[in-house]
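Trainee: start.cif is the file, holding mmCIF, C-alpha atoms:
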```cif
data_coords
loop_
_atom_site.label_atom_id
_atom_site.label_comp_id
_atom_site.auth_asym_id
_atom_site.auth_seq_id
_atom_site.Cartn_x
_atom_site.Cartn_y
_atom_site.Cartn_z
CA MET A 29 18.07 -2.19 -43.06
CA ILE A 30 17.47 -0.72 -39.65
CA ALA A 31 19.84 2.09 -40.40
CA GLU A 32 18.04 2.79 -43.65
CA SER A 33 14.67 2.81 -41.94
CA ALA A 34 16.02 5.03 -39.24
CA LYS A 35 17.43 7.36 -41.82
CA GLN A 36 14.07 7.64 -43.52
CA TYR A 37 12.36 8.13 -40.19
CA GLY A 38 14.91 10.73 -39.25
CA ARG A 39 14.15 12.66 -42.41
CA ILE A 40 10.47 12.63 -41.60
CA VAL A 41 11.11 13.71 -38.06
CA ASP A 42 13.48 16.32 -39.30
CA ARG A 43 10.88 17.72 -41.69
CA LEU A 44 8.35 17.81 -38.90
CA LEU A 45 10.57 19.37 -36.31
CA SER A 46 13.33 21.34 -37.92
CA HIS A 47 11.30 24.47 -38.49
CA SER A 48 9.48 24.59 -35.19
CA ARG A 49 11.49 22.88 -32.43
CA PRO A 50 14.81 23.63 -30.83
CA LEU A 51 17.67 21.43 -31.87
CA TRP A 52 18.16 19.75 -28.56
CA ARG A 53 14.57 18.55 -28.41
CA SER A 54 14.47 16.97 -31.84
CA THR A 55 17.79 15.30 -31.15
CA ALA A 56 16.52 13.79 -27.96
CA VAL A 57 13.44 12.37 -29.67
CA VAL A 58 15.37 10.74 -32.44
CA ALA A 59 18.01 9.28 -30.15
CA LEU A 60 15.39 7.74 -27.92
CA LEU A 61 13.57 6.08 -30.78
CA ALA A 62 16.73 4.72 -32.25
CA CYS A 63 17.96 3.16 -29.03
CA THR A 64 14.68 1.34 -28.60
CA PHE A 65 15.65 -1.02 -31.41
CA GLY A 66 18.44 -2.43 -29.32
CA ALA A 67 16.31 -3.02 -26.21
CA GLN A 68 13.79 -5.36 -27.80
CA ALA A 69 15.94 -8.44 -27.74
CA ALA A 70 14.87 -10.12 -24.49
CA HIS A 71 11.49 -8.75 -23.46
CA ALA A 72 9.94 -9.41 -20.04
CA TYR A 73 6.43 -10.38 -19.18
CA THR A 74 4.86 -7.82 -16.93
CA ILE A 75 2.19 -8.11 -14.25
CA THR A 76 0.93 -4.88 -12.78
CA ILE A 77 -0.37 -4.96 -9.23
CA THR A 78 -2.70 -2.30 -7.90
CA ALA A 79 -4.49 -1.68 -4.64
CA GLY A 80 -7.80 -1.09 -6.34
CA PRO A 81 -9.98 2.00 -6.48
CA ARG A 82 -10.32 4.50 -3.67
CA SER A 83 -12.77 3.10 -1.13
CA ILE A 84 -13.40 2.48 2.56
CA TYR A 85 -15.49 -0.02 4.50
CA LEU A 86 -16.74 -0.02 8.09
CA GLN A 87 -18.68 -2.73 9.84
CA VAL A 88 -19.99 -2.53 13.41
CA GLY A 89 -22.08 -5.56 14.26
CA ALA A 90 -23.97 -6.69 11.18
CA GLY A 91 -22.17 -6.04 7.93
CA GLY A 92 -22.67 -6.07 4.22
CA TYR A 93 -20.08 -8.51 2.90
CA THR A 94 -21.32 -11.17 0.53
CA GLY A 95 -19.10 -14.12 1.32
CA THR A 96 -15.65 -13.49 2.66
CA ASN A 97 -13.01 -11.27 1.22
CA ALA A 98 -10.67 -14.24 0.91
CA SER A 99 -13.17 -16.09 -1.27
CA GLY A 100 -13.78 -13.14 -3.53
CA GLY A 101 -16.62 -11.61 -1.50
CA THR A 102 -17.51 -7.99 -1.96
CA PRO A 103 -18.58 -5.34 0.52
CA GLY A 104 -22.06 -3.87 0.55
CA ASN A 105 -24.40 -1.77 2.62
CA ASN A 106 -26.33 -3.00 5.64
CA ALA A 107 -28.76 -0.63 7.33
CA THR A 108 -29.06 -2.73 10.48
CA ILE A 109 -28.47 -0.87 13.74
CA ASN A 110 -27.55 -3.37 16.43
CA VAL A 111 -28.62 -2.91 20.02
CA VAL A 112 -26.42 -3.44 23.07
CA SER A 113 -28.39 -3.67 26.30
CA VAL A 114 -28.47 -4.70 29.92
CA THR A 115 -31.23 -5.03 32.50
CA VAL A 116 -30.01 -4.13 35.95
CA PRO A 117 -31.77 -6.07 38.71
CA ASN A 118 -33.53 -4.00 41.33
CA GLY A 119 -31.29 -5.07 44.13
CA VAL A 120 -28.04 -3.94 42.53
CA VAL A 121 -29.03 -0.67 40.86
CA GLY A 122 -26.30 1.87 41.59
CA SER A 123 -24.23 -0.63 43.56
CA GLY A 124 -21.12 -0.04 41.50
CA ALA A 125 -21.09 -3.67 40.39
CA ALA A 126 -20.44 -3.42 36.66
CA GLN A 127 -23.01 -5.16 34.52
CA ALA A 128 -22.04 -7.02 31.37
CA MET A 129 -24.02 -5.94 28.32
CA THR A 130 -25.12 -8.13 25.46
CA SER A 131 -25.93 -7.43 21.85
CA ASN A 132 -28.43 -8.58 19.29
CA SER A 133 -25.56 -8.87 16.81
CA THR A 134 -24.96 -12.41 15.65
CA VAL A 135 -21.76 -11.70 13.78
CA SER A 136 -19.00 -14.01 14.86
CA GLN A 137 -17.01 -14.44 11.67
CA SER A 138 -14.45 -12.07 10.28
CA PRO A 139 -15.46 -10.98 6.77
CA ILE A 140 -11.81 -11.25 5.84
CA ASP A 141 -11.70 -15.03 5.86
CA GLY A 142 -14.65 -16.34 7.87
CA PHE A 143 -12.58 -16.99 10.98
CA ALA A 144 -14.74 -17.19 14.13
CA PHE A 145 -13.31 -14.04 15.66
CA CYS A 146 -16.05 -12.72 17.97
CA ASN A 147 -18.39 -14.35 20.47
CA PRO A 148 -21.89 -12.89 20.24
CA PRO A 149 -24.01 -11.91 22.04
CA ALA A 150 -21.32 -10.79 24.49
CA GLN A 151 -19.18 -9.25 21.75
CA VAL A 152 -19.81 -6.93 18.83
CA TYR A 153 -17.63 -7.14 15.74
CA ILE A 154 -15.97 -3.94 14.54
CA GLY A 155 -13.81 -3.91 11.42
CA ALA A 156 -12.69 -1.38 8.88
CA TRP A 157 -10.47 -1.07 5.87
CA SER A 158 -9.18 1.77 3.77
CA ARG A 159 -7.98 1.95 0.20
CA PRO A 160 -6.86 5.48 -0.69
CA GLY A 161 -6.30 4.48 -4.30
CA SER A 162 -3.75 6.62 -6.06
CA GLY A 163 -4.31 9.44 -3.58
CA THR A 164 -2.91 9.84 -0.13
CA GLY A 165 -4.50 9.87 3.25
CA VAL A 166 -4.93 7.97 6.47
CA ALA A 167 -8.44 6.89 7.39
CA THR A 168 -9.71 7.70 10.87
CA LEU A 169 -12.26 5.75 12.87
CA THR A 170 -14.29 7.70 15.40
CA VAL A 171 -17.31 7.12 17.59
CA THR A 172 -19.73 9.85 18.58
CA SER A 173 -22.15 9.53 21.45
CA PRO A 174 -24.59 11.93 23.09
CA ALA A 175 -24.03 13.08 26.65
CA ASN A 176 -26.79 10.92 28.04
CA LEU A 177 -28.98 7.91 27.59
CA THR A 178 -32.53 9.09 27.97
CA SER A 179 -35.86 7.81 29.17
CA GLY A 180 -38.29 10.62 28.70
CA SER A 181 -36.79 13.43 30.70
CA ASP A 182 -34.64 11.11 32.84
CA THR A 183 -31.02 10.54 31.93
CA ILE A 184 -28.03 8.31 32.55
CA PRO A 185 -24.61 9.60 31.50
CA PHE A 186 -23.33 7.77 28.43
CA SER A 187 -20.03 7.60 30.27
CA GLN A 188 -21.53 4.78 32.31
CA ILE A 189 -20.81 2.53 29.35
CA SER A 190 -17.34 1.22 28.57
CA TRP A 191 -15.89 -1.31 26.19
CA VAL A 192 -13.00 -3.76 26.07
CA MET A 193 -11.39 -4.84 22.80
CA SER A 194 -10.45 -8.45 22.15
CA GLY A 195 -10.87 -11.24 19.63
CA ASN A 196 -10.38 -14.99 19.47
CA GLY A 197 -6.71 -15.74 18.98
CA ASP A 198 -5.95 -12.05 18.93
CA THR A 199 -2.50 -10.99 19.96
CA VAL A 200 -2.27 -7.29 19.16
CA PHE A 201 -5.29 -5.12 19.78
CA GLN A 202 -5.87 -2.54 17.08
CA PHE A 203 -8.34 -0.27 18.82
CA PRO A 204 -8.15 0.86 22.46
CA ASN A 205 -10.45 0.03 25.31
CA GLY A 206 -12.48 3.03 26.35
CA THR A 207 -15.47 4.73 27.88
CA PHE A 208 -17.96 6.87 26.01
CA THR A 209 -17.43 10.51 26.80
CA GLY A 210 -20.51 12.06 25.28
CA GLY A 211 -18.79 13.47 22.24
CA THR A 212 -16.56 12.32 19.43
CA GLN A 213 -13.67 10.01 20.24
CA THR A 214 -10.98 8.69 17.93
CA LEU A 215 -10.64 4.92 18.04
CA GLY A 216 -7.78 4.59 15.63
CA THR A 217 -6.32 5.21 12.22
CA LEU A 218 -5.88 2.96 9.23
CA ALA A 219 -2.81 3.19 7.09
CA ARG A 220 -3.03 2.69 3.34
CA ASN A 221 -4.54 -0.63 2.33
CA THR A 222 -4.95 -1.84 5.86
CA TRP A 223 -7.75 -3.82 7.45
CA LYS A 224 -8.27 -3.73 11.21
CA GLU A 225 -10.83 -5.65 13.21
CA GLN A 226 -11.70 -6.27 16.82
CA CYS A 227 -14.51 -7.46 19.07
CA MET A 228 -16.09 -5.07 21.58
CA THR A 229 -17.42 -6.22 24.94
CA PHE A 230 -19.56 -3.54 26.57
CA SER A 231 -20.30 -3.05 30.23
CA TYR A 232 -22.43 -0.72 32.29
CA ALA A 233 -20.64 0.86 35.26
CA ASN A 234 -23.78 0.99 37.42
CA THR A 235 -22.58 3.79 39.68
CA VAL A 236 -25.70 5.97 39.40
CA VAL A 237 -29.24 5.47 40.63
CA PRO A 238 -31.58 6.57 37.91
CA ALA A 239 -35.34 6.56 37.89
CA ALA A 240 -36.84 3.30 36.74
CA GLY A 241 -37.22 3.11 32.99
CA THR A 242 -35.71 2.06 29.70
CA TYR A 243 -32.86 4.34 28.71
CA THR A 244 -31.64 4.54 25.16
CA GLY A 245 -28.99 6.35 23.21
CA ARG A 246 -27.12 5.85 19.98
CA ALA A 247 -23.38 5.73 19.40
CA VAL A 248 -22.39 6.37 15.80
CA TYR A 249 -19.16 4.96 14.39
CA THR A 250 -17.64 6.82 11.47
CA LEU A 251 -14.74 5.99 9.18
CA SER A 252 -13.43 8.91 7.18
CA LEU A 253 -10.75 9.18 4.52
CA PRO A 254 -9.64 12.70 3.60
CA MET B 4 20.24 20.90 -37.79
CA LYS B 5 19.52 18.30 -40.44
CA GLN B 6 23.14 17.41 -40.69
CA PHE B 7 23.29 16.93 -36.94
CA ILE B 8 20.27 14.76 -36.52
CA LEU B 9 21.06 12.17 -39.13
CA PRO B 10 24.50 11.34 -37.76
CA VAL B 11 22.92 10.87 -34.36
CA LEU B 12 20.42 8.45 -35.82
CA LEU B 13 22.83 6.48 -37.90
CA CYS B 14 25.28 6.20 -35.07
CA CYS B 15 22.84 5.57 -32.32
CA THR B 16 20.81 2.82 -33.92
CA PRO B 17 23.69 0.48 -34.57
CA ALA B 18 25.21 1.56 -31.31
CA GLY B 19 22.03 0.60 -29.47
CA ALA B 20 22.19 -2.86 -30.95
CA SER B 21 25.86 -3.24 -30.38
CA VAL B 22 25.53 -2.16 -26.77
CA ALA B 23 23.03 -4.94 -26.22
CA PHE B 24 25.31 -7.54 -27.76
CA ALA B 25 28.32 -6.22 -25.96
CA ALA B 26 26.49 -6.55 -22.66
CA GLN B 27 25.77 -10.19 -23.38
CA ASP B 28 29.36 -10.84 -24.30
CA ASP B 29 30.49 -9.34 -21.03
CA VAL B 30 28.17 -11.63 -19.10
CA VAL B 31 29.29 -14.62 -21.10
CA SER B 32 32.87 -14.11 -20.13
CA SER B 33 32.05 -13.81 -16.45
CA GLY B 34 29.35 -16.39 -15.86
CA ARG B 35 27.83 -17.56 -19.16
CA VAL B 36 24.48 -16.03 -18.28
CA PHE B 37 22.12 -14.88 -21.04
CA ARG B 38 18.82 -13.16 -20.95
CA VAL B 39 16.18 -15.42 -22.52
CA ASP B 40 13.77 -14.11 -25.11
CA ASP B 41 10.33 -14.62 -23.55
CA SER B 42 8.46 -12.35 -25.91
CA GLY B 43 6.05 -15.19 -26.69
CA THR B 44 4.88 -15.27 -23.08
CA VAL B 45 1.30 -14.20 -22.43
CA VAL B 46 -0.23 -13.16 -19.10
CA LEU B 47 -3.89 -14.04 -18.74
CA ASP B 48 -4.71 -11.09 -16.47
CA PRO B 49 -1.80 -8.67 -16.55
CA VAL B 50 -3.38 -6.15 -14.16
CA LEU B 51 -4.19 -7.55 -10.72
CA GLU B 52 -6.29 -5.77 -8.15
CA MET B 53 -4.82 -7.08 -4.92
CA GLU B 54 -6.97 -8.39 -2.09
CA TRP B 55 -6.29 -8.64 1.62
CA GLN B 56 -4.95 -11.82 3.10
CA PRO B 57 -6.08 -13.26 6.44
CA PRO B 58 -4.36 -11.38 9.27
CA GLY B 59 -3.17 -14.40 11.21
CA ARG B 60 -5.49 -13.14 13.93
CA SER B 61 -3.45 -10.15 14.92
CA GLY B 62 -6.51 -8.05 14.26
CA THR B 63 -4.92 -6.24 11.38
CA THR B 64 -3.63 -7.02 7.95
CA SER B 65 -2.00 -5.08 5.19
CA LEU B 66 -0.77 -8.14 3.33
CA VAL B 67 -2.38 -8.12 -0.11
CA ALA B 68 -2.33 -10.80 -2.74
CA GLY B 69 -3.47 -11.63 -6.23
CA SER B 70 -2.97 -14.41 -8.74
CA THR B 71 -3.05 -15.01 -12.44
CA ARG B 72 -2.04 -17.53 -15.07
CA VAL B 73 0.92 -17.12 -17.36
CA SER B 74 1.57 -18.99 -20.57
CA VAL B 75 5.33 -19.07 -20.65
CA GLN B 76 7.14 -19.41 -23.94
CA LEU B 77 10.91 -19.21 -23.96
CA ASN B 78 12.99 -18.98 -27.10
CA LEU B 79 15.99 -21.23 -26.48
CA ALA B 80 17.05 -21.68 -30.10
CA ALA B 81 20.48 -20.27 -29.44
CA TRP B 82 21.26 -22.91 -26.82
CA VAL B 83 19.84 -26.15 -28.24
CA GLY B 84 22.23 -28.97 -27.43
CA ARG B 85 23.70 -27.13 -24.49
CA THR B 86 23.10 -27.80 -20.81
CA GLY B 87 22.28 -25.21 -18.25
CA ARG B 88 19.91 -23.72 -15.75
CA ILE B 89 17.07 -21.29 -16.37
CA TYR B 90 16.05 -18.83 -13.71
CA MET B 91 13.00 -16.62 -13.38
CA THR B 92 13.96 -13.14 -12.27
CA LEU B 93 11.97 -10.41 -10.56
CA PRO B 94 13.70 -7.02 -10.49
CA ARG B 95 13.20 -4.81 -7.49
CA THR B 96 10.83 -1.88 -7.93
CA PRO B 97 10.44 1.35 -5.96
CA GLY B 98 7.29 -0.08 -4.37
CA PRO B 99 6.85 -2.84 -1.82
CA THR B 100 8.82 -6.05 -1.89
CA VAL B 101 6.81 -8.65 -3.77
CA ARG B 102 6.84 -12.39 -3.26
CA ALA B 103 5.80 -14.46 -6.25
CA THR B 104 4.93 -18.13 -5.83
CA TRP B 105 3.99 -20.35 -8.74
CA ARG B 106 2.87 -23.80 -9.71
CA THR B 107 3.66 -25.17 -13.13
CA GLY B 108 2.44 -27.65 -15.66
CA GLY B 109 5.52 -29.80 -15.14
CA THR B 110 8.03 -28.51 -17.62
CA LEU B 111 9.27 -25.77 -15.35
CA LEU B 112 9.91 -26.11 -11.64
CA PRO B 113 7.51 -24.57 -9.12
CA GLY B 114 9.01 -22.03 -6.79
CA THR B 115 9.09 -18.67 -5.11
CA VAL B 116 10.98 -15.51 -5.89
CA ILE B 117 11.26 -12.23 -4.02
CA SER B 118 11.87 -8.84 -5.60
CA GLY B 119 15.51 -8.44 -6.54
CA ASP B 120 16.15 -12.16 -6.67
CA ARG B 121 15.94 -15.11 -9.07
CA THR B 122 14.79 -18.72 -8.73
CA LEU B 123 15.66 -21.86 -10.66
CA VAL B 124 12.87 -23.04 -12.97
CA TYR B 125 14.73 -25.47 -15.20
CA ALA B 126 17.97 -27.44 -15.10
CA GLY B 127 19.25 -29.80 -17.73
CA PRO B 128 19.82 -30.07 -21.44
CA VAL B 129 18.14 -27.69 -23.86
CA THR B 130 16.49 -30.09 -26.27
CA SER B 131 14.17 -27.85 -28.23
CA SER B 132 14.20 -24.32 -29.48
CA VAL B 133 11.03 -23.37 -27.62
CA LEU B 134 10.11 -24.21 -24.04
CA ARG B 135 6.48 -23.83 -23.06
CA ASP B 136 4.62 -24.21 -19.78
CA LEU B 137 1.56 -22.86 -18.04
CA ILE B 138 2.13 -21.42 -14.60
CA ASP B 139 -0.28 -20.21 -11.94
CA ILE B 140 1.43 -17.40 -10.14
CA ALA B 141 0.40 -15.78 -6.85
CA LEU B 142 1.78 -12.43 -5.77
CA GLU B 143 1.96 -11.04 -2.26
CA ALA B 144 2.99 -7.58 -1.09
CA ASP B 145 2.67 -5.21 1.82
CA GLY B 146 -0.37 -3.15 0.88
CA ALA B 147 0.66 -0.34 3.20
CA ARG B 148 3.53 0.35 0.80
CA LEU B 149 1.56 -0.15 -2.38
CA THR B 150 1.14 3.54 -3.06
CA GLN B 151 0.68 3.27 -6.80
CA PRO B 152 0.38 0.57 -9.45
CA GLU B 153 3.59 -1.43 -9.67
CA ALA B 154 4.65 -3.02 -12.94
CA LEU B 155 6.54 -6.20 -12.14
CA ALA B 156 8.81 -7.05 -15.04
CA PHE B 157 9.51 -10.74 -14.70
CA GLY B 158 12.22 -12.20 -16.85
CA PHE B 159 14.21 -15.32 -17.54
CA GLU B 160 17.92 -15.91 -17.81
CA ILE B 161 19.89 -18.99 -18.70
CA GLU B 162 23.18 -19.96 -17.15
CA LEU B 163 25.12 -22.37 -19.36
CA ASP B 164 27.42 -25.09 -18.16
CA GLN B 165 31.02 -24.68 -19.15
#
```
As a first step, turn the structure in this file into structure tokens.

Mentor:
Amino acid sequence: MIAESAKQYGRIVDRLLSHSRPLWRSTAVVALLACTFGAQAAHAYTITITAGPRSIYLQVGAGGYTGTNASGGTPGNNATINVVSVTVPNGVVGSGAAQAMTSNSTVSQSPIDGFAFCNPPAQVYIGAWSRPGSGTGVATLTVTSPANLTSGSDTIPFSQISWVMSGNGDTVFQFPNGTFTGGTQTLGTLARNTWKEQCMTFSYANTVVPAAGTYTGRAVYTLSLP
Amino acid sequence: MKQFILPVLLCCTPAGASVAFAAQDDVVSSGRVFRVDDSGTVVLDPVLEMEWQPPGRSGTTSLVAGSTRVSVQLNLAAWVGRTGRIYMTLPRTPGPTVRATWRTGGTLLPGTVISGDRTLVYAGPVTSSVLRDLIDIALEADGARLTQPEALAFGFEIELDQ
């Protein structure tokens, strides 16, 4: 029965191909179709796993996750710009005694699973993930700062501010400690389908004597995937 | 050309079938292992978009996971009255190693299998021609190596007692 069906199919294929295709190509097509009959005996149920569509996510301080990733939460946008600050007492201005900075970020939980990873206000959460999809590419996390904090025409070098990376229960730090340089600095890279997170503790070096005032500046963190 | 194609068809179709049977006979003689027809099996969500797993507080994770439900239906008609063991198999793929862990409705055994391996899901007499169970299966893989969609072709094989 199969042979008869195959014969009929072969005639149809032959009529379709014999006048327009090389011999070797029509032979290959027919042989492939015929052998398929023999491979249907056992079957196998198939589950296809994918890494999802091409996307990236960066969170510094407040983030946009609804729920946690582990509970099916999804990322979203959050326009909040958190502030890290310190007030240096009169008597120690320029003394070289580093001053711990605090943040108005209240984020303590990792959006991965809700684990209490950071300790605000002393620490600021930073986390990022990258999904290149079917393409290639390594995501890069950078931070860009201006040369100075400013108060009117007065300035304090941004390099007076440093950070230390940590996290509750953390064992391997994913991003380096550092000091702002007044430019763009690379904090790290993210391999395909990788999520990295850390908690930043900022400090002010306090080695300059600026004019009295409130000095501000903005550091911008950027995650890019080529 | 016409004369060439038809002999190829007529020879290849029976040959394809006979190759399949011959392969089973070879296995029989060496270990009495047969591939089980699971063509009645249905996967609830056959395409899984994997999600990250908690990093274990190392500050990074590339472990991804997903889960689905599978209605397993095995055609055991050829072995009714025999005794043996049924294994679930997971062939290795070019992509990352995958670990599959499942719970069952009670007919099959729960377990775990890693790419390239097999795990026992049933042992005992084959009493009916069709074995059915509902399993919840969770898959884990290293996302850093998941460069493209990976089709995991699970299967079942039965190993008969002598």

Trainee: Identify which of the residues A:Gln226, A:Thr214, A:Ser179, A:Gln127 lies closest to A:Asp198, counting all atoms listed in the file when measuring atom-to-atom distances.

Mentor: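 For A:Asp198, the nearest of the given residues is A:Gln226.
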
Trainee: Considering all atoms listed in the file, state which residue in the set A:Thr207, A:Thr178, A:Ser138, A:Thr170 is at the smallest distance from A:Leu251.

Mentor: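 Among the listed residues, A:Thr170 lies closest to A:Leu251.
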
Trainee: Identify which of the residues A:Thr199, A:Ser194, A:Thr242, A:Ser231 lies closest to chain B, counting all atoms listed in the file when measuring atom-to-atom distances.

Mentor: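 That would be A:Thr199, the residue with the smallest distance to chain B.
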
Trainee: Using all atoms listed in the file, find the one residue out of B:Val83, B:Ile117, B:Ala154, B:Leu77 that sits nearest to chain A.

Mentor: B:Ala154

Trainee: Give me the result of the PyMOL selection byres ((chain B and resi 40) around 10) on this file, residue by residue, as a list in words.

Mentor: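 Taken on the displayed file, the PyMOL selection byres ((chain B and resi 40) around 10) yields the residues Gln68, Ala69, Ala70, His71 and Ala72 of chain A; Phe37, Arg38, Val39, Asp41, Ser42, Gly43, Thr44, Gln76, Leu77, Asn78, Leu79, Ala80, Val133, Gly158, Phe159 and Glu160 of chain B.
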
Trainee: So, counting only C-alpha atoms, which residue among A:Gly206, A:Pro148, A:Gly142, A:Pro238 is closest to B:Gln56?

Mentor: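 When distances to B:Gln56 are compared using only C-alpha atoms, the smallest one comes from A:Gly142.
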
Trainee: Nearest to A:Asn176: which of A:Pro117, A:Gly210, A:Gly155, A:Gly197 is it, counting only C-alpha atoms?

Mentor: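 Smallest distance to A:Asn176 is found for A:Gly210.
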
Trainee: Taking (13.9, -18.0, -9.8) in the coordinates of the supplied file, I want to know which residues reach to within 9 Å of it, counting all atoms listed in the file; could you give the answer as a list in words?

Mentor: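 These residues have at least one counted atom within 9 Å: Ile89, Tyr90, Met91, Thr92, Leu93, Gly114, Thr115, Val116, Ile117, Asp120, Arg121, Thr122, Leu123, Val124 and Phe159 of chain B.
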
Trainee: Would you mind reading off the distance between atom CA of B:Ser65 and atom CA of A:Gly165, one decimal, in Å?

Mentor: 15.3 Å

Trainee: In Å, with one decimal, what is the gap from atom CA of A:Tyr232 to atom CA of A:Val120?

Mentor: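 So the two atoms, atom CA of A:Tyr232 and atom CA of A:Val120, lie 12.1 Å apart.
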
Trainee: Could you state the separation of atom CA of A:Ser173 and atom CA of A:Val88 in Å, given to one decimal place?

Mentor: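 Calculated distance between atom CA of A:Ser173 and atom CA of A:Val88 is 14.7 Å.
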
Trainee: Find the residues around A:Gly245 up to 12 Å (all atoms listed in the file counted), leave out those fewer than 5 positions away in its own chain, and share them as JSON, numbers by chain.

Mentor: {"A": [109, 110, 111, 112, 113, 172, 173, 174, 175, 176, 177, 178, 179, 180, 183, 184, 185, 186, 187, 188, 189, 208, 210]}

Trainee: When the PyMOL selection byres ((chain A and resi 90-99) around 9) is applied to the file above, which residues end up in the set, as a ChimeraX atom specification?

Mentor: /A:86-89,100-110,133-135,138-142,152-153 /B:54-57

Trainee: Translate the PyMOL selection byres ((chain B and resi 45) around 6), as applied to the file shown, into an explicit residue set as a ChimeraX atom specification.

Mentor: /B:44,46,73-74

Trainee: Using all atoms listed in the file, determine which residues lie at most 9 Å from A:Glu225, disregarding the query and same-chain residues fewer than 3 positions distant; provide the list as a list in words.

Mentor: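 The contact residues come out as Ser138, Tyr153, Ile154, Gly155, Ala156, Trp157, Gly195, Phe201, Gln202 and Phe203 of chain A; Ser61, Gly62 and Thr63 of chain B.
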
Trainee: For the point (7.0, -19.5, -4.7) in the file's frame, write as a ChimeraX atom specification all residues with an atom no more than 8 Å away, counting only C-alpha atoms.

Mentor: /B:102-106,113-116,141

Trainee: Excluding same-chain residues fewer than 5 positions from B:Thr107, what lies within 7 Å of it counting only C-alpha atoms, as a PyMOL selection string?

Mentor: chain B and resi 112-113+136-139

Trainee: Keeping C-alpha atoms, export the residues of the selection given above as a CSV table (one decimal), in the coordinates of the input.

Mentor:
```
chain,number,residue,atom,x,y,z
B,112,LEU,CA,9.9,-26.1,-11.6
B,113,PRO,CA,7.5,-24.6,-9.1
B,136,ASP,CA,4.6,-24.2,-19.8
B,137,LEU,CA,1.6,-22.9,-18.0
B,138,ILE,CA,2.1,-21.4,-14.6
B,139,ASP,CA,-0.3,-20.2,-11.9
```

Trainee: Output stretch 189-200 of chain A as an mmCIF file, in the coordinates of the input, making sure N, CA and C atoms are there.

Mentor:
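And here's rebuild36.cif as it stands now:
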```
data_model
loop_
_atom_site.group_PDB
_atom_site.id
_atom_site.type_symbol
_atom_site.label_atom_id
_atom_site.label_comp_id
_atom_site.auth_asym_id
_atom_site.auth_seq_id
_atom_site.Cartn_x
_atom_site.Cartn_y
_atom_site.Cartn_z
ATOM 1 N N ILE A 189 -21.041 3.697 30.210
ATOM 2 C CA ILE A 189 -20.810 2.530 29.350
ATOM 3 C C ILE A 189 -19.360 2.522 28.848
ATOM 4 N N SER A 190 -18.734 1.394 29.008
ATOM 5 C CA SER A 190 -17.340 1.220 28.570
ATOM 6 C C SER A 190 -17.254 0.010 27.650
ATOM 7 N N TRP A 191 -16.112 -0.139 27.032
ATOM 8 C CA TRP A 191 -15.890 -1.310 26.190
ATOM 9 C C TRP A 191 -14.455 -1.822 26.332
ATOM 10 N N VAL A 192 -14.311 -3.109 26.076
ATOM 11 C CA VAL A 192 -13.000 -3.760 26.070
ATOM 12 C C VAL A 192 -12.834 -4.438 24.719
ATOM 13 N N MET A 193 -11.680 -4.235 24.098
ATOM 14 C CA MET A 193 -11.390 -4.840 22.800
ATOM 15 C C MET A 193 -10.704 -6.196 22.969
ATOM 16 N N SER A 194 -11.107 -7.143 22.148
ATOM 17 C CA SER A 194 -10.450 -8.450 22.150
ATOM 18 C C SER A 194 -10.790 -9.162 20.846
ATOM 19 N N GLY A 195 -10.556 -10.439 20.811
ATOM 20 C CA GLY A 195 -10.870 -11.240 19.630
ATOM 21 C C GLY A 195 -10.240 -12.610 19.789
ATOM 22 N N ASN A 196 -10.920 -13.636 19.313
ATOM 23 C CA ASN A 196 -10.380 -14.990 19.470
ATOM 24 C C ASN A 196 -9.027 -15.107 18.773
ATOM 25 N N GLY A 197 -8.048 -15.558 19.531
ATOM 26 C CA GLY A 197 -6.710 -15.740 18.980
ATOM 27 C C GLY A 197 -5.979 -14.446 18.730
ATOM 28 N N ASP A 198 -6.561 -13.362 19.192
ATOM 29 C CA ASP A 198 -5.950 -12.050 18.930
ATOM 30 C C ASP A 198 -4.702 -11.872 19.784
ATOM 31 N N THR A 199 -3.750 -11.207 19.225
ATOM 32 C CA THR A 199 -2.500 -10.990 19.960
ATOM 33 C C THR A 199 -2.171 -9.504 20.098
ATOM 34 N N VAL A 200 -2.553 -8.726 19.117
ATOM 35 C CA VAL A 200 -2.270 -7.290 19.160
ATOM 36 C C VAL A 200 -3.574 -6.558 18.925
#
```
